[in-house]
Amino acid sequence: MSDIQTTLRTRAAELLSSGEVVEVIGWTAGRFDNQTTPAFITKAEDAESLVFNEYCVNTTSKFSLMERGLGKVAVCVRGCDSRGINRMITDNQLKREEVHLIGIPCTGMKDRKTGEELLKCRECSYRNPVVYDELIGESVTEPELNRFDAVEKLEAMDQAERAAFFDSVYERCIRCYACREVCPVCTCKSCFVDQLAAGWQGKRSNVAENKFYGLTRVFHVGDRCVECGECQRACPMDLPLMLLNRKMIKDLDLLFEAGEAGLDAEGTNPLGTYDVNDVEEFM
Amino acid sequence: MSVVNDSQAVGTKDGTGEFEPTILAFACHWCTYSGADLAGLNRMNYPANVRLLRVPCSGRVNPQYVISAFNKGCDGVLVCGCHPGDCHYVSGNYFAKRRLMAFKRLLEYSGMEPGRFQVRWISGSEAGKFRDTVIQVCADIKNLGPLQDREADALASISVADLQKGAEAAGASASSESAVAQAATANGNAEKAGE
Ligand code: SF4
Ligand code: SF4
């Protein structure tokens, strides 16, 4: 990892001093050893402050949207970040030529509080970036796993049990919208939860209205979710948001062969298209 | 705005008498609403539990309206539109079909009983199908009982951590220690939820 960090610093300095990019988005040291924070480096001499270690928990993809218009920006991307970038290109939020992608194969990040590998990394099957302009470090082998395991267990439970489970989940949500802020596919300029005049949309924090927000969020992102797991990591109340995202992803794949989002810049659009031969269950 | 208006309420939810559900039916202007009109012209009888809400197209029914209807006191929601291929706007119901298929699954996964939310294609000439659908949906919801009666504070018998263990076991890098750490968080969560 320290090799990656050294190369990253050198490349960032080169890219900035040659004028190829105006900014490098990566990570820098945080207040504690086991913590990093997103970094936005604009001067070659500051490239030394870039950090890459097992505590680079933030995905970088969404940050590239904030920096649009400055000029070409270099973004450090692992598998999750690169899929987010791809999906933002599919969604017309970003142009490929606006970013220079520094690919970094990832071996999993750690939770600062427990020192264990993050859940989003344990459930990840794209550790290598799927798109990049240059690659730093050796490719890693992708783990074999069934990412729908937990969803299948929930599906197998009876309805009352599931209702109780999700009620106890939504009881905890504090409507901070961190899950929305970090998501690379949550890119609406005006989000329904901010439309204060629309009184019919529940704004209170109780189980029913939290569920109204939560299910709407899943429905709005489910057909494009790149499974970066950042929403779940960012949630201060530990809501198991991937259990909902993956349910949508699983169903859309079974019903409409939606596949996985963010693997290329073309992407699929399962809920924005239709086929006259779609299965019929409402007759 | 509450969907359940006392002066309109056809039944009681307080245990006196038989449970009369409140059902919101979205009906597309071009097909189902005409079908309902035809049912009326033919003096067909169907339960008065259903409130018809006319929309331009079934594709106009935002799934948020459905959740909102449940939150505002409806015991069941029905969405009706033209048969696939007959949409006045050519493709609105095809989009609706995909969306509502995914949404129905998501809703049921999150704990809603199957049957509380239903979708049907009913054309302008199908007055009989409209009547039969309303009768059947109404019977389904009567069987399910009032939505609000569900014990909202019932504690989940399964924790988030229990569910995530499987994925972890399948993952190459999982350690048994992390399972212990997960179990500890699970207990913490259960306590939190129980407070
Ligand atoms: S919904 Fe969550 S996992 Fe999916 S793309 Fe957004 S942040 Fe990533
Ligand atoms: S981040 Fe968590 S607590 Fe905040 S709004 Fe999203 S689900 Fe709720």
# chains A, B, ... in the order shown; residues from 1 in each chain; ligands from 1
call {"tool": "closest_atom_pairs", "arguments": {"of": "chain A", "to": "ligand 1", "cutoff": "6 Å", "atoms": "only C-alpha atoms and all ligand atoms", "output": "tab-separated table"}}
result
residue	atom	partner	partner_atom_place_in_ligand_line	distance
A:Val182	CA	ligand 1	7 (S)	5.8
A:Cys183	CA	ligand 1	7 (S)	3.6
A:Pro184	CA	ligand 1	5 (S)	5.5
A:Val185	CA	ligand 1	5 (S)	5.5
A:Val221	CA	ligand 1	1 (S)	5.7
A:Cys225	CA	ligand 1	4 (Fe)	3.7
A:Val226	CA	ligand 1	5 (S)	4.4
A:Glu227	CA	ligand 1	3 (S)	3.8
A:Cys228	CA	ligand 1	8 (Fe)	4.0
A:Gly229	CA	ligand 1	3 (S)	3.7
A:Glu230	CA	ligand 1	7 (S)	4.3
A:Cys231	CA	ligand 1	7 (S)	4.0
call {"tool": "residues_near_ligand", "arguments": {"ligand": "ligand 2", "cutoff": "9 Å", "atoms": "only C-alpha atoms and all ligand atoms", "output": "VMD selection string"}}
result
chain A and resid 169 to 170 172 to 181 210 213 to 214 217 231 to 241
call {"tool": "select_by_dssp", "arguments": {"residues": "segment 53-163 of chain B", "states": "helix (DSSP H, G or I)", "output": "PyMOL selection string"}}
result
chain B and resi 58-60+63-71+92-109+127-144+147-149+160-163
call {"tool": "closest_atom_pairs", "arguments": {"of": "chain A", "to": "chain B", "cutoff": "6 Å", "atoms": "only C-alpha atoms", "output": "JSON lines"}}
result
{"residue": "A:Leu145", "atom": "CA", "partner": "B:Ala170", "partner_atom": "CA", "distance": 5.2}
{"residue": "A:Asp149", "atom": "CA", "partner": "B:Ala167", "partner_atom": "CA", "distance": 5.7}
{"residue": "A:Ala150", "atom": "CA", "partner": "B:Leu163", "partner_atom": "CA", "distance": 4.9}
{"residue": "A:Gln159", "atom": "CA", "partner": "B:Gly111", "partner_atom": "CA", "distance": 5.5}
{"residue": "A:Arg162", "atom": "CA", "partner": "B:Gly111", "partner_atom": "CA", "distance": 5.1}
{"residue": "A:Ala163", "atom": "CA", "partner": "B:Gly111", "partner_atom": "CA", "distance": 3.6}
{"residue": "A:Ala164", "atom": "CA", "partner": "B:Ala156", "partner_atom": "CA", "distance": 4.8}
{"residue": "A:Phe165", "atom": "CA", "partner": "B:Ala156", "partner_atom": "CA", "distance": 4.4}
{"residue": "A:Phe166", "atom": "CA", "partner": "B:Ser110", "partner_atom": "CA", "distance": 5.9}
{"residue": "A:Phe282", "atom": "CA", "partner": "B:Arg120", "partner_atom": "CA", "distance": 4.8}
{"residue": "A:Met283", "atom": "CA", "partner": "B:Trp121", "partner_atom": "CA", "distance": 5.6}
call {"tool": "atom_distance", "arguments": {"atom1": "atom CA of Thr59 of chain A", "atom2": "atom CA of Trp27 of chain A"}}
result
9.8 Å
call {"tool": "decode", "arguments": {"residues": "segment 86-113 of chain B", "atoms": "N, CA, C and O atoms", "output": "short mmCIF file (atom, residue, chain, number, x, y, z; two decimals), in the first residue's frame"}}
result
data_model
loop_
_atom_site.label_atom_id
_atom_site.label_comp_id
_atom_site.auth_asym_id
_atom_site.auth_seq_id
_atom_site.Cartn_x
_atom_site.Cartn_y
_atom_site.Cartn_z
N ASP B 86 -52.87 -0.65 -25.40
CA ASP B 86 -54.01 0.24 -25.61
C ASP B 86 -53.81 1.63 -25.03
O ASP B 86 -54.75 2.43 -25.01
N CYS B 87 -52.63 1.92 -24.51
CA CYS B 87 -52.44 3.20 -23.81
C CYS B 87 -52.69 4.38 -24.74
O CYS B 87 -52.21 4.42 -25.87
N HIS B 88 -53.46 5.34 -24.25
CA HIS B 88 -53.75 6.55 -25.02
C HIS B 88 -52.46 7.29 -25.37
O HIS B 88 -52.37 7.97 -26.38
N TYR B 89 -51.48 7.19 -24.46
CA TYR B 89 -50.20 7.85 -24.69
C TYR B 89 -49.17 6.85 -25.21
O TYR B 89 -47.97 7.02 -25.01
N VAL B 90 -49.64 5.80 -25.81
CA VAL B 90 -48.84 4.77 -26.48
C VAL B 90 -48.12 3.82 -25.52
O VAL B 90 -48.26 2.61 -25.62
N SER B 91 -47.32 4.39 -24.58
CA SER B 91 -46.46 3.50 -23.81
C SER B 91 -46.52 3.71 -22.30
O SER B 91 -45.80 3.04 -21.57
N GLY B 92 -47.37 4.61 -21.83
CA GLY B 92 -47.40 4.92 -20.39
C GLY B 92 -47.60 3.70 -19.52
O GLY B 92 -46.92 3.53 -18.50
N ASN B 93 -48.49 2.81 -19.94
CA ASN B 93 -48.75 1.65 -19.08
C ASN B 93 -47.62 0.62 -19.14
O ASN B 93 -47.45 -0.16 -18.21
N TYR B 94 -46.85 0.62 -20.22
CA TYR B 94 -45.70 -0.30 -20.25
C TYR B 94 -44.66 0.13 -19.20
O TYR B 94 -44.06 -0.69 -18.53
N PHE B 95 -44.45 1.44 -19.11
CA PHE B 95 -43.53 1.94 -18.09
C PHE B 95 -44.10 1.64 -16.69
O PHE B 95 -43.38 1.20 -15.80
N ALA B 96 -45.41 1.89 -16.56
CA ALA B 96 -46.06 1.65 -15.27
C ALA B 96 -45.90 0.19 -14.87
O ALA B 96 -45.62 -0.12 -13.71
N LYS B 97 -46.04 -0.69 -15.83
CA LYS B 97 -45.96 -2.13 -15.54
C LYS B 97 -44.60 -2.48 -14.94
O LYS B 97 -44.53 -3.12 -13.89
N ARG B 98 -43.54 -2.04 -15.59
CA ARG B 98 -42.20 -2.34 -15.08
C ARG B 98 -42.02 -1.76 -13.68
O ARG B 98 -41.59 -2.44 -12.75
N ARG B 99 -42.36 -0.49 -13.56
CA ARG B 99 -42.16 0.19 -12.27
C ARG B 99 -42.95 -0.47 -11.16
O ARG B 99 -42.43 -0.74 -10.08
N LEU B 100 -44.23 -0.74 -11.45
CA LEU B 100 -45.08 -1.24 -10.37
C LEU B 100 -44.76 -2.70 -10.04
O LEU B 100 -44.94 -3.13 -8.91
N MET B 101 -44.25 -3.44 -11.02
CA MET B 101 -43.81 -4.81 -10.71
C MET B 101 -42.66 -4.77 -9.71
O MET B 101 -42.64 -5.52 -8.73
N ALA B 102 -41.70 -3.89 -9.97
CA ALA B 102 -40.55 -3.77 -9.07
C ALA B 102 -41.00 -3.21 -7.73
O ALA B 102 -40.58 -3.67 -6.66
N PHE B 103 -41.88 -2.22 -7.79
CA PHE B 103 -42.31 -1.55 -6.56
C PHE B 103 -43.11 -2.48 -5.66
O PHE B 103 -42.94 -2.49 -4.44
N LYS B 104 -43.99 -3.28 -6.27
CA LYS B 104 -44.82 -4.20 -5.49
C LYS B 104 -43.92 -5.18 -4.73
O LYS B 104 -44.14 -5.46 -3.55
N ARG B 105 -42.89 -5.64 -5.39
CA ARG B 105 -41.97 -6.57 -4.73
C ARG B 105 -41.22 -5.89 -3.58
O ARG B 105 -41.02 -6.47 -2.52
N LEU B 106 -40.82 -4.66 -3.82
CA LEU B 106 -40.09 -3.92 -2.79
C LEU B 106 -40.99 -3.66 -1.57
O LEU B 106 -40.58 -3.84 -0.42
N LEU B 107 -42.24 -3.30 -1.86
CA LEU B 107 -43.20 -3.01 -0.80
C LEU B 107 -43.45 -4.27 0.05
O LEU B 107 -43.46 -4.21 1.28
N GLU B 108 -43.61 -5.39 -0.63
CA GLU B 108 -43.89 -6.63 0.09
C GLU B 108 -42.67 -7.12 0.86
O GLU B 108 -42.76 -7.67 1.95
N TYR B 109 -41.50 -6.90 0.27
CA TYR B 109 -40.25 -7.25 0.93
C TYR B 109 -40.09 -6.44 2.22
O TYR B 109 -39.63 -6.94 3.24
N SER B 110 -40.52 -5.17 2.16
CA SER B 110 -40.35 -4.32 3.34
C SER B 110 -41.45 -4.56 4.37
O SER B 110 -41.52 -3.85 5.37
N GLY B 111 -42.32 -5.53 4.13
CA GLY B 111 -43.25 -5.94 5.18
C GLY B 111 -44.73 -5.81 4.87
O GLY B 111 -45.56 -6.23 5.67
N MET B 112 -45.10 -5.24 3.73
CA MET B 112 -46.52 -5.10 3.40
C MET B 112 -47.09 -6.46 2.97
O MET B 112 -46.42 -7.21 2.27
N GLU B 113 -48.32 -6.77 3.43
CA GLU B 113 -48.92 -8.04 3.02
C GLU B 113 -49.17 -8.03 1.51
O GLU B 113 -49.65 -7.03 0.99
#
